[in-house]
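One structure is given here, and the rest of the page talks about it.
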Amino acid sequence: MPSAPPDPPSPFPITKARTHLLGLTFDECIQVFFGGNAVMAVVILGLITFFLFKEGASFFGQNRENLTVYRRAGLEYVDFMRQQEQDHTALTRYLSDLRLRTLQHLTGPGGLTLAAANTQLAPFDEFANRYSDAVVPLRGFVSDLTDVATAIKTKFIVMGDNKTQREQLLGAGKTAEAAAVVITPVDFKAELAPLVGTLPAYRDLSTAFAKSLTEAIASPPKLPTPELQARMERFRALTQQYLVSFPATLKNLESWDYLKPVPVWQAFTAFLFGKDWLTASFWQDWYGIVPLFVGSLLVSVIALLLAVPLGVGAAIYVNQIASPLEQRLIKPSIEFISAIPSVVLGFFGIAVLGEALRALSHVTWLSWVPGFPFAERLNALTAGCLLALIAVPTIFTLAEDALNNVPRSFKEASFALGATRLQTVLRIIVPASLSGIVSAVLLGLGRVIGETMVVLLCAGNRIASPDFTAGLGVVTQPVHTMTGIISQEMGEVVRDSIQYRALFVVGIVLFFLALLINFLAQKIVRKYRISIG
Amino acid sequence: MNPVQHPFTARKNRSRALEKLTFWLFRLATYLVLACGFFVFGNIFIKGAGTVFKKSFPFVNTVFLTEAPESLYVFTYQGTKMELGDRDYRAFRAAEEARAKAAGQPVPQFNAESYVYSAGGIFPCIVGTVLLVVGSMAIALVLGVCAAIYLNEYARDGRFIRFVRLSILNLAGVPSIVFGLFGFGLFVLFAPRLGVAPDPEKWHFRLWPLHQYVNFVGWGVSLISGWFTLAFMVLPVIITASEEALKSVPRGFREGSLALGATKWQTIRKNVLPYALPGILTSSILGIARVAGETAPIMFTAAFVVRDKLPWEGLDHWTDFFFQGVMALPYHIYVVSSKIPQNEYTARVQYGTAFVFLFLVAVIALASILLRNRLRKRYQW
C-alpha cells in the first residue's frame, strides 16, 4: 500500500502581516486610525474652549462702547438725579410700611374698627402725603430730562445703523445708493447743552426739595407704641442721611463730563460686579452677573444643605450599618434615582412640589418658619429641593466609594481597642474617608450649579438679587440663575449682538466654575488621602 | 425563673441608646431619599398611565403614541360637553354648520376654549428623540472607544498624554448648557457646508479642482447639529469609562499574546477588547441614558417647538434629512410644562409625555445597572 504523500509543510500559524498601504503596514494603519480618532476627539473638545472664548471675547469691547454711549448721551447724568428720586421712593415705602404696622396695631384684638383707626391715622396720612408730594417737582424734572437723553441716544443709534447700511451697500458695490444714505453725525456737545444747562434750575429745585423735606419731618405725628415711635425716629434718621447725600449728588452733576473716557477695566467690573441684568430696556441695558451668580449660589446652597446630610448619611448607613440584603437593594435604587431626567423633575416641581410647598407654608402652626408663608409657587426653595434629589445620588455614590476604601484593619483595630460601633464609624471611618466625602460634596455642587432645566422651570426666573434683609426667609424668593438665563435668552437674541456675547461670557464663567470645582475635588482627594499601609 | 444572662450581653446605658438613635437617623436619611425618588416615579407613572393606557382593548392609547400633537378644543354643544382635537373640531364644526344651514336654523355658536398641544399624541417627539440618540451615540462611540484604545494601548505615557487625559476628565464635569452654547457657536452658526457657489458673507474656499465651495455658514438648528453637540457632551464620559475598562484587563493577557508572536492589533482584537467589552457597553448605555435625558444642549441646536412633518416626509434631497430640526421628548416636556397653563385638560398630555420619557430613560438606565452587576460577576480575575 503506497504511503500517503507527506502533508505539505503547514504555514507557521502566526505570520507577520505584510499588507502595505501608503507605505504603512496593516498594524500601523490601525494605529493611525485610532490615533486619528483620538486626535479628532481631543481637537474638537479643545474647540469648545476656543469657541466659547471666540464668541465671548468681544463682549468686553462692546460693553465698553455701551457704557461710553451711556455717558456721551447724558444718560449717566440723568441717572444721578433718578437715583435721588428712587432713594426717596424707598423712604416713602418705609413710611407706608409703618402706616400698615400702626393700622394693624390699632385694629388689633380689642382695638378700633377700620374706619375709626383710619380717622385716627389722619395726621399720619397728612404727614405722609406732605413727605411724598415733596418729590413731585424732581420727578417731573427727571422725566423731562429722560426724554432729552433718550432722544440723543436714539439719534446716535440711528447714525450707527445708517453707517452699517452704507458699509453694506459699499460692500455690495452700490456706490450711488450708499451716497444717498444720510449720516448725520451727532454733536454731543450741542445736544447735551440743554441737558447740562438745567443745572442751575436743578440746584434751586434741590434746595427747595431739601427744605420741604426738612419741614415735613420736623413735625412727625405721635404713634401709639414705643416700638412704632422708634421706627418713626429711625425714619427721620434715614431722611437726615438722605438729605446729607444731596451735596454729593450735586457735586457729581457739576463735575460730570461727557468726554471723560470709560476705562477698559470698567467693562470688566461692570460685568463682574454689576448688580443689574437688564436687557431690551428703553433706557440703558446692563449686563451684571451678580444677581444671576447669587441666584445660582443660593439655589445650590439650599440643595447642598438638604443633600449633604441625606447623601452622606445614606452612604454611611449603606456602607457600615445596613444588612447585606439592604445593601444590595438600596445601592442600585439610589443610582436609579440619578437616572430621572432633570426636565421631568422640573415638571414635577411645577405640577406637584411647588403647589405642595406653598400649601405647607400656609399652615398656621408653621408660620414661625422664616419665609413662610409665601405666595410664589416657583422659588429658590422649590428648585433647591429638586436639585437636592439630583445631587444625592452623586454624593451618595462617591461618598460610599470613599468609605469603602478605608482599610478593614482600621475598623478591626478600633474594635479591638474596645470602641463601640458608633465610635468606630464617627471617629475612625468617617475621618479616614473625609477627603473622599468632601470631594463627593464638591462634585455634587458641580452637578447642581450646572443644572439647567430644574432651575429654568422652578426657580421663578426673577432677575434681581434676592433680598437678604429677609434673613433666612430669602430662600422662598424667586431667583434667576446663570444656566437659566442662557437657556432662556439664547433662543431669542440677535446673533453678534452684545446680549449674545454676554450670554457666552456667562457660559465662560460657568465653564471655569466647573473646572475649578473639579480641580479642587481632585486636589483634595490627592492631598489629604490617608496613606494606607 | 429568669433565663440565664448571657455573659457578654451589653449593658443598657446611654451610649448604647445614643448609638441606636444615631443609626436610626442614618437609616431614616436613606429611606427618605428612596421615598422621595419613588414618590416622583410613582406620581408620574400613576398619573401618566391614565394617558398612555386604556381600559379596553388594545389597552395602549395608540392615538397618543402614534399621532402628532394638536390643539384641544373644549366646548359645550347642545347641552353636552365635548373635547375634540383640532382636525375633529373643524370637521365637526363644518358638518354642524352645514346641517343647520340645510335645516334653515341659525348658525350654531361654538364658544370653544383651546389648549395648544393638548390633543393628539407625541409620535414626532418619540421619533426625534430616537433619531437624536442613535446618531449621537454612533458618533460618540466610534470616536470615544477609538480614542480610548489609542490612549490606553498605543500612546506612550508622556506629559502630553497625561495633560490630554486630565483635560478630558475635567471636561466631563462641564455643565451641559455650556456644551449647548458651544454647539450653537460651532455647529449651528459656523460649521462648513458644501455648495456650488461661494457665500460672499461668510468665510469660504474652493475645493480646487472641483466646482464646489466650502462655505462656513453653519448647519442651522438641525438634527446633525444636535448629534454632534450631544456626542461631544458624552464623549469625555465615554472615553474615561472605556479607558477604565481597558485598564482593568490584566497586563498578562497582552503580554501572553505578544509573547506568542501575535501582532499588536491581533492582541487587542482577541485578547483585550473581548474582556473590556462589558465595561465599554455599560458606559455606553449610561451615555445613552444621559443623551436621551438632556434637554439643555438641544434647546437651541436641534429641537423645534412644533413641526408638522415627520423627519422623512417632504425631503427635496436626501441630505436635507440631516439639516432639519426635530421635535424631541425632553424639549416637548419643557414646552408643555412651562408654556401652557396647568389644568385638567393639559395635565393629560403633560403627564403622558413625562411618563413615556421617564419610562424610556428608566429602561435604559435599568438595563445598564443590571448588565453591569451581571458582568461584574462573570469576569473576575
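Identifiers in this document derive from the order of the C-alpha cells: chains are assigned A, B, ..., residues are numbered from 1 separately in each chain, and ligands are numbered from 1 in order of occurrence.
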Q: Do a neighbour search on segment 114-128 of chain B at 7 Å with only C-alpha atoms, toss out local chain neighbours closer than 3 positions, and write the hits as an NGL selection string.
A: :B and (63-74 or 85 or 131-132 or 310 or 326-329 or 345-346 or 349)
Save the residues we just selected, C-alpha atoms, as a CSV table (one decimal), in the first residue's frame?
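So selection-v7.csv came out as:
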chain,number,residue,atom,x,y,z
B,63,VAL,CA,-53.5,57.8,19.3
B,64,PHE,CA,-51.2,59.2,21.9
B,65,LEU,CA,-48.3,57.2,20.8
B,66,THR,CA,-48.7,57.4,17.0
B,67,GLU,CA,-50.1,60.9,16.2
B,68,ALA,CA,-48.7,64.4,16.1
B,69,PRO,CA,-49.7,66.9,18.8
B,70,GLU,CA,-52.6,69.3,18.0
B,71,SER,CA,-54.7,71.8,19.9
B,72,LEU,CA,-57.6,70.7,22.1
B,73,TYR,CA,-60.9,72.4,21.9
B,74,VAL,CA,-63.3,72.2,24.8
B,85,GLY,CA,-58.7,67.7,18.7
B,131,LEU,CA,-33.0,59.8,16.0
B,132,LEU,CA,-31.0,62.1,18.2
B,310,LEU,CA,-42.1,63.8,10.3
B,326,VAL,CA,-36.9,67.7,15.0
B,327,MET,CA,-39.2,67.6,17.9
B,328,ALA,CA,-37.8,65.8,21.0
B,329,LEU,CA,-39.5,64.4,24.1
B,345,TYR,CA,-57.1,69.2,30.1
B,346,THR,CA,-53.4,70.0,29.7
B,349,VAL,CA,-50.5,65.4,27.8
Counting only C-alpha atoms, give me one row per residue of chain A with an atom at most 7 Å from an atom of chain B, showing the shortest contact pair and its distance in Å to one decimal, sorted by chain then residue number, as CSV.
residue,atom,partner,partner_atom,distance
A:Ile14,CA,B:Ala262,CA,6.5
A:Asp27,CA,B:Trp265,CA,6.1
A:Phe34,CA,B:Cys146,CA,5.1
A:Gly35,CA,B:Tyr150,CA,5.6
A:Asn37,CA,B:Leu143,CA,5.5
A:Ala38,CA,B:Ala147,CA,3.9
A:Ala41,CA,B:Leu143,CA,6.3
A:Ile48,CA,B:Phe182,CA,5.7
A:Phe51,CA,B:Phe182,CA,6.3
A:Leu52,CA,B:Phe182,CA,6.2
A:Leu310,CA,B:Ala29,CA,5.0
A:Gly313,CA,B:Phe26,CA,5.0
A:Ala314,CA,B:Thr30,CA,4.4
A:Tyr317,CA,B:Phe26,CA,5.5
A:Ile334,CA,B:Leu34,CA,6.6
A:Phe336,CA,B:Ala365,CA,7.0
A:Ile337,CA,B:Gly37,CA,5.7
A:Ala339,CA,B:Ala365,CA,6.3
A:Ile340,CA,B:Leu358,CA,6.7
A:Pro341,CA,B:Gly293,CA,4.9
A:Val343,CA,B:Pro330,CA,6.5
A:Val344,CA,B:Ala354,CA,6.2
A:Phe347,CA,B:Ser337,CA,5.9
A:Leu422,CA,B:Glu19,CA,5.5
A:Gly450,CA,B:Pro175,CA,4.5
A:Glu451,CA,B:Pro175,CA,6.8
A:Thr452,CA,B:Ala296,CA,6.5
A:Met453,CA,B:Ala296,CA,6.8
A:Leu457,CA,B:Ser338,CA,6.7
A:Thr483,CA,B:Ile177,CA,6.7
A:Ser487,CA,B:Ala296,CA,6.9
A:Gly491,CA,B:Phe300,CA,6.0
A:Gly507,CA,B:Val178,CA,5.7
A:Phe511,CA,B:Val174,CA,6.0
A:Ala514,CA,B:Val174,CA,5.5
A:Leu515,CA,B:Asn170,CA,6.2
A:Asn518,CA,B:Asn170,CA,6.3
Q: as a PyMOL selection string, list the residues of segment 315-381 of chain A assigned to helix (DSSP H, G or I) by DSSP on the backbone atoms of this structure.
A: chain A and resi 315-321+324-337+342-361+364-366+380-381
Q: Show which residues sit within 8 Å of Ala521 of chain A, as a list in words. Count only C-alpha atoms, and ignore same-chain residues fewer than 5 positions away.
A: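 Selected residues are Val438, Ser439, Ala440, Leu442 and Leu443 of chain A.
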Those selected residues, please, written with N, CA and C atoms and delivered as a compact mmCIF listing (two decimals), in the first residue's frame.
# COMPACT_ATOMS: atom_id res chain seq x y z
N VAL A 438 -15.55 64.92 51.12
CA VAL A 438 -15.54 66.33 50.74
C VAL A 438 -15.53 66.47 49.23
N SER A 439 -14.73 65.64 48.57
CA SER A 439 -14.70 65.77 47.12
C SER A 439 -16.03 65.32 46.52
N ALA A 440 -16.69 64.35 47.15
CA ALA A 440 -18.02 63.95 46.69
C ALA A 440 -18.99 65.13 46.78
N LEU A 442 -18.18 68.28 46.74
CA LEU A 442 -17.81 69.27 45.72
C LEU A 442 -18.35 68.87 44.35
N LEU A 443 -18.23 67.59 44.01
CA LEU A 443 -18.73 67.16 42.71
C LEU A 443 -20.26 67.28 42.66
Q. If you count only C-alpha atoms, which residues fall within 9 Å of Val107 of chain B, apart from same-chain ones fewer than 2 positions away, as an MDAnalysis selection string?
A. chainID B and resid 96:98 100:101 104:105 109
Can I get the selection written as an mmCIF file, in the first residue's frame, with C-alpha atoms?
data_model
loop_
_atom_site.group_PDB
_atom_site.id
_atom_site.type_symbol
_atom_site.label_atom_id
_atom_site.label_comp_id
_atom_site.auth_asym_id
_atom_site.auth_seq_id
_atom_site.Cartn_x
_atom_site.Cartn_y
_atom_site.Cartn_z
ATOM 1 C CA GLU B 96 -72.899 71.117 12.145
ATOM 2 C CA GLU B 97 -72.926 74.431 10.327
ATOM 3 C CA ALA B 98 -73.890 72.734 7.055
ATOM 4 C CA ALA B 100 -78.017 73.966 10.424
ATOM 5 C CA LYS B 101 -77.927 75.754 7.095
ATOM 6 C CA GLY B 104 -82.761 76.669 7.915
ATOM 7 C CA GLN B 105 -81.706 77.168 11.544
ATOM 8 C CA GLN B 109 -72.200 79.176 18.060
#
Q | Residue among A:Ile321, A:Leu98, A:Val475, A:Val448 lying closest to Leu513 of chain A, counting only C-alpha atoms | A |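 Result for the nearest residue to Leu513 of chain A: A:Val448.
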Q.
Using only C-alpha atoms, which protein or nucleic acid residues come within 12 Å of Ser414 of chain A? Drop anything in the same chain fewer than 4 positions from it, and give the result as a list in words.
A.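 Listing them by chain and then by number gives Pro407, Arg408, Ser409, Phe410, Gly418, Ala419, Thr420, Arg421, Leu422, Gln423, Thr424, Val425, Leu426, Arg427, Ile428 and Ile429 of chain A.
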For Pro198 of chain B, work out the shell of residues within 9 Å, counting only C-alpha atoms and skipping chain neighbours fewer than 4 positions away, then give it as a PDB file with C-alpha atoms, in the first residue's frame.
ATOM      1  CA  LYS B 202     -19.057  84.072   5.159  1.00  0.00           C
ATOM      2  CA  TRP B 203     -15.645  82.617   5.225  1.00  0.00           C
ATOM      3  CA  HIS B 204     -15.310  80.225   2.288  1.00  0.00           C
ATOM      4  CA  PHE B 205     -12.842  78.481  -0.018  1.00  0.00           C
ATOM      5  CA  ARG B 206     -12.986  76.441  -3.194  1.00  0.00           C
ATOM      6  CA  GLN B 212     -17.529  73.010  -5.138  1.00  0.00           C
ATOM      7  CA  TYR B 213     -17.134  75.564  -2.420  1.00  0.00           C
ATOM      8  CA  VAL B 214     -16.908  75.035   1.295  1.00  0.00           C
ATOM      9  CA  ASN B 215     -18.911  77.774   2.980  1.00  0.00           C
TER      10      ASN B 215
END
Q | Non-local contacts of segment 240-253 of chain B (6 Å; only C-alpha atoms; under 5 positions in same chain excluded) as a VMD selection string | A | chain B and resid 148 276 279 to 280 283
